[in-house]
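Structure file my_file.txt with compact mmCIF, C-alpha atoms:
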```txt
# COMPACT_ATOMS: atom_id res chain seq x y z
CA MET A 1 98.11 68.61 60.37
CA GLY A 2 99.69 65.96 58.18
CA LEU A 3 101.91 64.85 61.05
CA LEU A 4 98.87 64.14 63.25
CA SER A 5 96.60 62.71 60.52
CA ASP A 6 99.17 60.20 59.20
CA PRO A 7 98.96 57.05 61.42
CA ASN A 8 102.62 56.14 60.83
CA ARG A 9 103.90 59.60 61.73
CA ARG A 10 101.59 59.73 64.75
CA ARG A 11 102.97 56.42 66.03
CA ALA A 12 106.52 57.68 65.47
CA LEU A 13 105.80 60.87 67.44
CA THR A 14 104.21 58.86 70.24
CA SER A 15 107.21 56.53 70.35
CA LEU A 16 109.62 59.50 70.48
CA LEU A 17 107.73 61.16 73.35
CA THR A 18 107.62 57.86 75.23
CA ARG A 19 111.39 57.40 74.95
CA LEU A 20 112.07 61.00 76.01
CA ASN A 21 109.43 61.06 78.73
CA THR A 22 111.84 61.16 81.69
CA PRO A 23 114.25 63.78 80.24
CA LEU A 24 111.32 66.02 79.21
CA CYS A 25 109.76 65.78 82.68
CA VAL A 26 113.07 66.67 84.33
CA LEU A 27 113.61 69.56 81.90
CA CYS A 28 110.11 70.99 82.54
CA TYR A 29 110.56 70.61 86.28
CA VAL A 30 113.92 72.40 86.24
CA ALA A 31 112.51 75.15 83.99
CA GLY A 32 109.56 75.64 86.37
CA VAL A 33 111.81 75.91 89.42
CA ALA A 34 114.16 78.31 87.59
CA TRP A 35 111.19 80.48 86.54
CA PHE A 36 109.84 80.53 90.09
CA MET A 37 113.22 81.47 91.57
CA GLY A 38 113.53 84.17 88.94
CA LEU A 39 110.51 85.94 90.44
CA ALA A 40 112.77 87.09 93.28
CA PHE A 41 115.20 88.72 90.85
CA ALA A 42 114.38 92.45 90.55
CA PRO A 43 115.01 92.97 86.78
CA PHE A 44 112.93 89.89 86.01
CA SER A 45 109.80 91.15 87.84
CA LEU A 46 107.63 94.22 87.31
CA ARG A 47 108.28 97.29 89.42
CA CYS A 48 105.61 98.33 91.90
CA TYR A 49 103.25 100.97 90.60
CA MET A 50 99.97 102.70 91.48
CA SER A 51 97.05 101.81 89.25
CA GLU A 52 95.14 104.79 90.67
CA ASN A 53 96.94 108.17 90.79
CA ALA A 54 94.55 109.46 93.45
CA MET A 55 96.21 107.11 95.96
CA GLY A 56 99.61 108.76 95.62
CA SER A 57 101.35 109.97 98.77
CA THR A 58 101.54 113.55 97.45
CA MET A 59 97.75 113.90 97.63
CA VAL A 60 97.65 114.21 101.44
CA GLU A 61 99.35 116.14 104.21
CA GLU A 62 100.26 114.62 107.57
CA ARG A 63 99.13 116.82 110.48
CA PHE A 64 98.52 114.43 113.36
CA SER A 65 100.32 115.75 116.47
CA THR A 66 98.59 114.24 119.49
CA GLY A 67 100.88 111.32 120.20
CA GLU A 68 101.05 112.07 123.94
CA ARG A 69 97.27 111.99 124.07
CA ALA A 70 97.35 108.55 122.45
CA LEU A 71 99.86 107.27 125.03
CA GLY A 72 97.71 108.69 127.84
CA ALA A 73 94.65 106.91 126.48
CA ALA A 74 96.69 103.69 126.19
CA ARG A 75 97.79 103.85 129.82
CA GLU A 76 94.24 104.56 130.99
CA PHE A 77 92.91 101.70 128.87
CA ALA A 78 95.51 99.34 130.36
CA ALA A 79 94.52 100.35 133.89
CA GLN A 80 90.83 99.89 133.18
CA LYS A 81 91.44 96.53 131.50
CA LYS A 82 93.39 95.31 134.51
CA LYS A 83 90.67 96.55 136.85
CA ALA A 84 87.87 94.88 134.87
CA GLY A 85 89.82 91.66 134.33
CA GLY A 86 89.11 91.86 130.62
CA MET A 87 87.81 94.32 128.07
CA PRO A 88 86.57 97.56 129.78
CA VAL A 89 83.37 97.92 127.76
CA GLN A 90 81.78 100.82 129.66
CA TRP A 91 85.02 102.80 129.67
CA LEU A 92 85.43 102.34 125.91
CA VAL A 93 81.83 103.41 125.29
CA GLN A 94 82.36 106.60 127.31
CA ALA A 95 85.74 107.27 125.69
CA MET A 96 84.30 107.02 122.17
CA GLN A 97 81.22 109.07 123.05
CA SER A 98 83.41 111.83 124.48
CA ARG A 99 85.16 111.97 121.10
CA GLY A 100 81.91 112.58 119.24
CA LEU A 101 81.26 109.11 117.82
CA GLU A 102 78.04 107.15 117.52
CA VAL A 103 78.86 104.22 119.81
CA TYR A 104 77.37 100.73 119.78
CA THR A 105 78.22 97.39 121.36
CA GLN A 106 77.77 93.78 120.26
CA SER A 107 77.86 90.79 122.59
CA PHE A 108 78.73 87.36 121.23
CA SER A 109 79.50 83.81 122.32
CA ARG A 110 81.06 80.83 120.60
CA MET A 111 81.33 77.15 121.50
CA LEU A 112 84.87 76.02 120.69
CA PRO A 113 85.49 72.56 119.20
CA PHE A 114 88.56 72.23 121.45
CA PRO A 115 89.27 73.80 124.85
CA ASP A 116 91.00 77.16 124.94
CA GLU A 117 94.74 76.69 125.48
CA SER A 118 95.12 79.31 128.20
CA LYS A 119 91.94 78.85 130.27
CA GLU A 120 90.79 75.40 129.10
CA ARG A 121 87.25 76.50 128.33
CA TYR A 122 84.87 75.52 125.58
CA MET A 123 82.57 78.57 125.66
CA VAL A 124 83.92 82.02 124.81
CA HIS A 125 81.94 85.16 125.67
CA GLY A 126 82.90 88.65 124.58
CA THR A 127 81.81 92.13 123.56
CA ASN A 128 82.79 94.30 120.61
CA VAL A 129 82.69 98.09 120.90
CA TYR A 130 82.62 100.30 117.82
CA GLY A 131 82.02 103.94 117.05
CA ILE A 132 80.99 105.55 113.76
CA LEU A 133 82.10 108.96 112.52
CA ARG A 134 79.59 109.95 109.87
CA ALA A 135 80.85 111.45 106.60
CA PRO A 136 79.90 115.14 106.41
CA ARG A 137 80.49 115.46 102.65
CA ALA A 138 78.91 112.32 101.16
CA PRO A 139 75.63 110.35 101.25
CA ARG A 140 77.21 107.76 103.58
CA THR A 141 77.23 104.91 101.11
CA GLU A 142 80.84 103.85 101.80
CA SER A 143 82.96 103.40 104.91
CA LEU A 144 86.43 102.55 106.19
CA VAL A 145 87.23 100.44 109.26
CA LEU A 146 90.09 101.00 111.69
CA SER A 147 90.30 98.21 114.26
CA ALA A 148 92.43 97.22 117.23
CA PRO A 149 91.99 93.86 118.98
CA CYS A 150 91.76 93.86 122.76
CA SER A 151 94.51 91.39 123.56
CA PRO A 152 95.11 89.75 126.95
CA ASP A 153 97.71 90.99 129.42
CA GLY A 154 99.46 94.19 128.34
CA ALA A 155 99.52 93.55 124.60
CA ASN A 156 98.07 96.03 122.07
CA ASN A 157 97.18 98.75 124.58
CA GLN A 158 99.05 101.32 122.48
CA ALA A 159 96.98 100.37 119.43
CA VAL A 160 93.74 101.12 121.26
CA GLY A 161 95.16 104.42 122.51
CA LEU A 162 96.21 105.41 119.00
CA LEU A 163 92.77 104.44 117.66
CA LEU A 164 91.05 106.72 120.18
CA ALA A 165 93.45 109.59 119.46
CA LEU A 166 92.88 109.22 115.72
CA ALA A 167 89.11 109.23 116.26
CA GLN A 168 89.39 112.56 118.07
CA TYR A 169 91.70 113.94 115.37
CA PHE A 170 89.46 112.78 112.51
CA LYS A 171 86.42 114.34 114.21
CA GLY A 172 87.96 117.78 113.65
CA GLN A 173 88.41 117.24 109.90
CA VAL A 174 85.65 118.13 107.43
CA TYR A 175 86.86 116.49 104.21
CA TRP A 176 85.78 112.91 104.95
CA ALA A 177 83.78 111.43 102.10
CA LYS A 178 83.26 108.04 103.79
CA ASP A 179 82.02 106.90 107.16
CA LEU A 180 84.85 105.99 109.53
CA ILE A 181 84.27 103.03 111.84
CA PHE A 182 86.52 102.56 114.88
CA LEU A 183 86.30 99.01 116.23
CA VAL A 184 87.79 97.40 119.33
CA ASN A 185 87.12 93.66 119.11
CA GLU A 186 87.53 91.10 121.87
CA HIS A 187 89.00 87.60 121.44
CA ASP A 188 90.78 88.50 118.21
CA LEU A 189 89.46 86.51 115.24
CA ILE A 190 86.30 85.29 117.00
CA GLY A 191 85.21 88.81 117.87
CA MET A 192 86.07 90.11 114.42
CA GLN A 193 84.14 87.32 112.72
CA ALA A 194 81.12 87.99 114.93
CA TRP A 195 81.19 91.69 114.04
CA LEU A 196 81.56 91.07 110.31
CA GLU A 197 78.72 88.57 110.29
CA GLY A 198 76.54 91.03 112.16
CA TYR A 199 77.48 93.88 109.83
CA HIS A 200 76.59 91.86 106.72
CA ASP A 201 73.62 90.10 108.40
CA VAL A 202 74.89 86.55 107.77
CA ASN A 203 75.85 83.62 110.00
CA THR A 204 78.21 81.07 108.51
CA THR A 205 80.25 80.00 111.54
CA GLY A 206 77.63 79.35 114.22
CA ILE A 207 78.65 82.33 116.39
CA SER A 208 75.79 83.52 118.59
CA ALA A 209 75.82 87.33 118.52
CA SER A 210 73.44 90.20 119.13
CA PRO A 211 72.39 92.19 116.03
CA LEU A 212 74.24 95.41 115.27
CA GLN A 213 72.29 98.54 116.12
CA GLY A 214 74.36 100.85 113.95
CA ARG A 215 75.93 100.51 110.53
CA GLY A 216 77.87 102.68 108.12
CA GLY A 217 78.13 102.40 104.37
CA SER A 218 79.56 99.54 102.37
CA ILE A 219 83.05 98.82 103.74
CA GLN A 220 85.71 99.62 101.13
CA ALA A 221 88.90 99.01 103.14
CA ALA A 222 90.03 98.05 106.62
CA LEU A 223 93.17 98.42 108.68
CA SER A 224 94.01 96.51 111.86
CA LEU A 225 96.57 97.92 114.32
CA GLU A 226 98.85 95.82 116.52
CA LEU A 227 101.15 97.86 118.79
CA SER A 228 102.60 96.79 122.13
CA SER A 229 105.19 99.48 122.83
CA ASP A 230 105.39 103.28 122.94
CA VAL A 231 108.04 103.33 120.20
CA ILE A 232 108.74 101.01 117.29
CA THR A 233 111.77 100.29 115.15
CA SER A 234 109.82 99.20 112.07
CA LEU A 235 106.31 98.66 110.78
CA ASP A 236 105.53 95.23 109.38
CA LEU A 237 102.79 94.82 106.78
CA VAL A 238 100.77 91.61 107.14
CA LEU A 239 98.75 90.72 104.04
CA GLU A 240 97.99 86.98 104.12
CA GLY A 241 94.37 86.04 104.75
CA LEU A 242 92.34 82.85 104.81
CA ASN A 243 93.28 80.29 102.15
CA GLY A 244 96.11 82.47 100.86
CA GLN A 245 93.90 85.44 99.96
CA LEU A 246 95.69 88.76 99.43
CA PRO A 247 94.37 92.34 99.17
CA ASN A 248 94.78 94.61 96.17
CA LEU A 249 98.43 95.40 95.41
CA ASP A 250 97.65 99.14 95.62
CA LEU A 251 97.20 98.73 99.39
CA ALA A 252 100.73 97.35 99.76
CA ASN A 253 102.19 100.01 97.47
CA LEU A 254 100.38 102.75 99.40
CA PHE A 255 101.84 101.35 102.62
CA HIS A 256 105.36 101.48 101.18
CA ALA A 257 104.92 104.98 99.75
CA PHE A 258 103.73 106.51 103.02
CA CYS A 259 106.41 104.71 105.02
CA GLN A 260 109.02 106.37 102.82
CA LYS A 261 107.30 109.76 103.14
CA THR A 262 107.06 109.60 106.95
CA ASN A 263 110.56 108.05 107.38
CA ILE A 264 109.29 104.81 108.93
CA LEU A 265 111.19 101.59 108.33
CA CYS A 266 108.76 99.28 106.54
CA THR A 267 109.12 95.51 106.38
CA ILE A 268 107.32 92.57 104.79
CA GLN A 269 107.71 89.19 106.45
CA GLY A 270 109.85 91.04 108.98
CA LYS A 271 112.51 91.85 106.36
CA LEU A 272 113.61 95.25 105.10
CA GLN A 273 113.74 95.91 101.39
CA ARG A 274 117.33 95.95 100.09
CA SER A 275 118.75 97.90 97.19
CA ASP A 276 121.67 95.56 96.45
CA TRP A 277 119.56 93.17 94.37
CA ASP A 278 122.48 92.52 92.03
CA THR A 279 124.51 90.77 94.75
CA VAL A 280 124.25 87.20 95.98
CA SER A 281 123.23 88.29 99.48
CA GLY A 282 120.60 90.66 98.06
CA TYR A 283 119.09 87.95 95.87
CA THR A 284 119.12 85.46 98.78
CA HIS A 285 117.28 88.00 100.91
CA SER A 286 114.61 88.39 98.21
CA VAL A 287 114.20 84.62 97.89
CA GLN A 288 113.76 84.24 101.65
CA THR A 289 111.08 86.94 101.69
CA MET A 290 109.24 85.34 98.78
CA LEU A 291 109.36 81.84 100.27
CA LEU A 292 108.13 83.07 103.65
CA MET A 293 105.08 84.63 101.98
CA VAL A 294 104.46 81.45 99.97
CA LEU A 295 104.60 79.32 103.14
CA ARG A 296 102.22 81.65 104.97
CA GLN A 297 99.75 81.56 102.11
CA ALA A 298 100.03 77.78 101.88
CA SER A 299 99.15 77.43 105.57
CA GLY A 300 95.61 78.60 104.80
CA ARG A 301 95.26 80.50 108.09
CA SER A 302 94.70 84.18 108.62
CA TRP A 303 97.76 85.95 110.02
CA GLY A 304 95.75 88.87 111.40
CA ASP A 305 92.23 90.19 111.88
CA HIS A 306 92.37 91.67 108.38
CA GLY A 307 92.17 88.20 106.83
CA LEU A 308 88.48 87.89 107.69
CA PHE A 309 87.64 91.08 105.74
CA LEU A 310 89.05 89.54 102.57
CA ARG A 311 86.26 86.93 102.63
CA TYR A 312 83.79 89.78 102.05
CA HIS A 313 85.82 91.29 99.16
CA ILE A 314 87.09 94.10 101.41
CA GLU A 315 90.69 95.23 100.93
CA ALA A 316 92.40 94.92 104.30
CA ALA A 317 95.79 94.59 105.97
CA THR A 318 97.34 94.50 109.44
CA LEU A 319 100.01 96.96 110.58
CA ARG A 320 102.23 95.36 113.22
CA GLY A 321 104.66 97.53 115.14
CA ILE A 322 108.03 95.87 115.77
CA ASN A 323 110.32 97.00 118.58
CA SER A 324 113.61 95.20 118.00
CA PHE A 325 117.32 95.77 118.60
CA ARG A 326 117.60 98.44 115.89
CA GLN A 327 118.60 101.85 117.22
CA TYR A 328 116.30 103.69 114.81
CA LYS A 329 113.09 104.47 116.75
CA THR A 330 109.73 105.85 115.62
CA ASP A 331 107.36 107.43 118.14
CA ILE A 332 103.60 107.10 118.17
CA THR A 333 103.08 110.62 116.78
CA THR A 334 104.87 109.67 113.56
CA LEU A 335 102.89 106.46 113.43
CA GLY A 336 99.67 108.45 113.83
CA LYS A 337 100.71 110.67 110.92
CA TYR A 338 101.22 107.57 108.84
CA VAL A 339 97.80 106.04 109.63
CA SER A 340 95.97 109.35 109.11
CA ALA A 341 97.74 109.87 105.78
CA HIS A 342 96.91 106.30 104.76
CA TRP A 343 93.21 106.91 105.43
CA GLU A 344 93.23 110.30 103.68
CA GLY A 345 94.67 108.52 100.64
CA HIS A 346 91.58 106.34 100.48
CA VAL A 347 89.35 109.41 100.80
CA CYS A 348 91.24 111.09 97.93
CA LEU A 349 90.55 107.98 95.86
CA CYS A 350 86.84 108.30 96.59
CA VAL A 351 86.67 112.03 95.84
CA CYS A 352 88.79 111.88 92.69
CA SER A 353 86.77 108.97 91.33
CA ILE A 354 83.49 110.89 91.36
CA PRO A 355 82.56 111.75 87.73
```
How does the structure come out when it is put into C-alpha cells?
Amino acid sequence: MGLLSDPNRRRALTSLLTRLNTPLCVLCYVAGVAWFMGLAFAPFSLRCYMSENAMGSTMVEERFSTGERALGAAREFAAQKKKAGGMPVQWLVQAMQSRGLEVYTQSFSRMLPFPDESKERYMVHGTNVYGILRAPRAPRTESLVLSAPCSPDGANNQAVGLLLALAQYFKGQVYWAKDLIFLVNEHDLIGMQAWLEGYHDVNTTGISASPLQGRGGSIQAALSLELSSDVITSLDLVLEGLNGQLPNLDLANLFHAFCQKTNILCTIQGKLQRSDWDTVSGYTHSVQTMLLMVLRQASGRSWGDHGLFLRYHIEAATLRGINSFRQYKTDITTLGKYVSAHWEGHVCLCVCSIP
C-alpha cells in the first residue's frame, strides 16, 4: 500500500508503465494468442467426460433393424413429394397415424424482407406435420423432439424415411419415460421457428401461424436429421446456433461415445478426430477444427434447425450424414441403431435422475 499511497512512488510507477506501454501491450497480445493456440493442444486441454453417468453408452442396447423399411418410406415420400410439388401433408398425416402417433398439423406464412433466391417471392406459405408418442411410464411432463426438414428437390428424403421407421420402432417399446415428438417441418428455419413459437405460445418474429392443437411435455432435448443418401461415410455433428450458442457438452460427448460403439465415423466441422496429437500435422488439424468452429460461432447464424431450440434453453444438435469419397460406408440400419441408442440414453438420464 505504501507504493500506491506515496505520491512520488506513484508517479514513478506511472512513468515506468508509460515508458513500457508498447512492449507490455505486445507481450500481453502474444501471450493471449499463444494461450488461445494452446487450446488445440491435447495435453493442455481437459479430456472429454460425462458429467452424468446415466448418459453412458453402456446403459442402452441397440436393437433397431428396420433399415429397409426406412428406405422404402423414403422412396415413397420422395414420390409423393414430387407428385404434390412440395410437402405431401396428407400422406405424412396418414403415415404417422398408421404408426400409432397422435398427429397434428400447423400452417404458417411469413413475409420475407427480401425475395426468395430460388422463386423470387416475398410471401412463404407452409405446413408442419408432427406426431406425438405418449410416454407410457411417466406423467408426460417432459418430451424429446426428433425432426427432419422437408427440403426441396431430392434432399433429405432418407431423413424423413428414417424418422418414420424410428417412430414405428419406438411405438413397440414400453420403457419411454418422456413424450417423443416426431416433426417434419417445411421451409427449414422458418417452419421450425413457427412450430417452436406455437409450442411455447409466443410470437417474436412476426410469423403468422395457426395454434398447435397438440403438445407434449417440456422439451428437454432435440435432434435434427439431415440425410440425402442411402449410405453415409461419416456423421457430422453440427452444434453452432444463433449468436454462437452451443448445447451442453454432454450432448457432444454422447454423440462421440455412441459413434464409437456403433462403429460410425464421427466428425466435427467435417474433420475426423486424430490420435497423433503430438505431431505437427496432428496439431495443425486440431487448430483448423478449432478455428472453423470459432468462425461459425462468430457468424451469428444458425447452422441447422437445432439452433432455434437453443433460444428456448433446449439442448439440441443436428446430425448430418456425409457421403464422400471414403470407402468406409454405413447403412441406414446402423444409423437407426445410433439414433435410437442416443434417445434411449436421454431416457436413462430421466429414469436414473428420479429420487
Which neighbours of Cys266 (chain A) fall inside 12 Å, counting only C-alpha atoms, when residues of the same chain fewer than 2 positions from it are skipped, and could you give them as number ranges by chain?
-> A: 232-238, 252-264, 268-274, 319-322, 330, 335, 338
In the coordinate frame of the file, compute which residues have an atom within 12 Å of (97.0, 93.1, 125.1) when using all atoms listed in the file, and state them as a VMD selection string. chain A and resid 74 to 75 77 to 79 81 to 82 85 to 87 148 to 161 184 to 188 225 to 229
Residue list as an MDAnalysis selection string for point (95.7, 119.3, 115.5), cut-off 12 Å, only C-alpha atoms: chainID A and resid 62:67 69 165:166 168:173 333 336:337 340
Next item on the list: Report the distance between CA of Lys178 (chain A) and CA of Ala221 (chain A) in Å, rounded to one decimal place.
Entry: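 Computed distance, CA of Lys178 (chain A) to CA of Ala221 (chain A), equals 10.7 Å.
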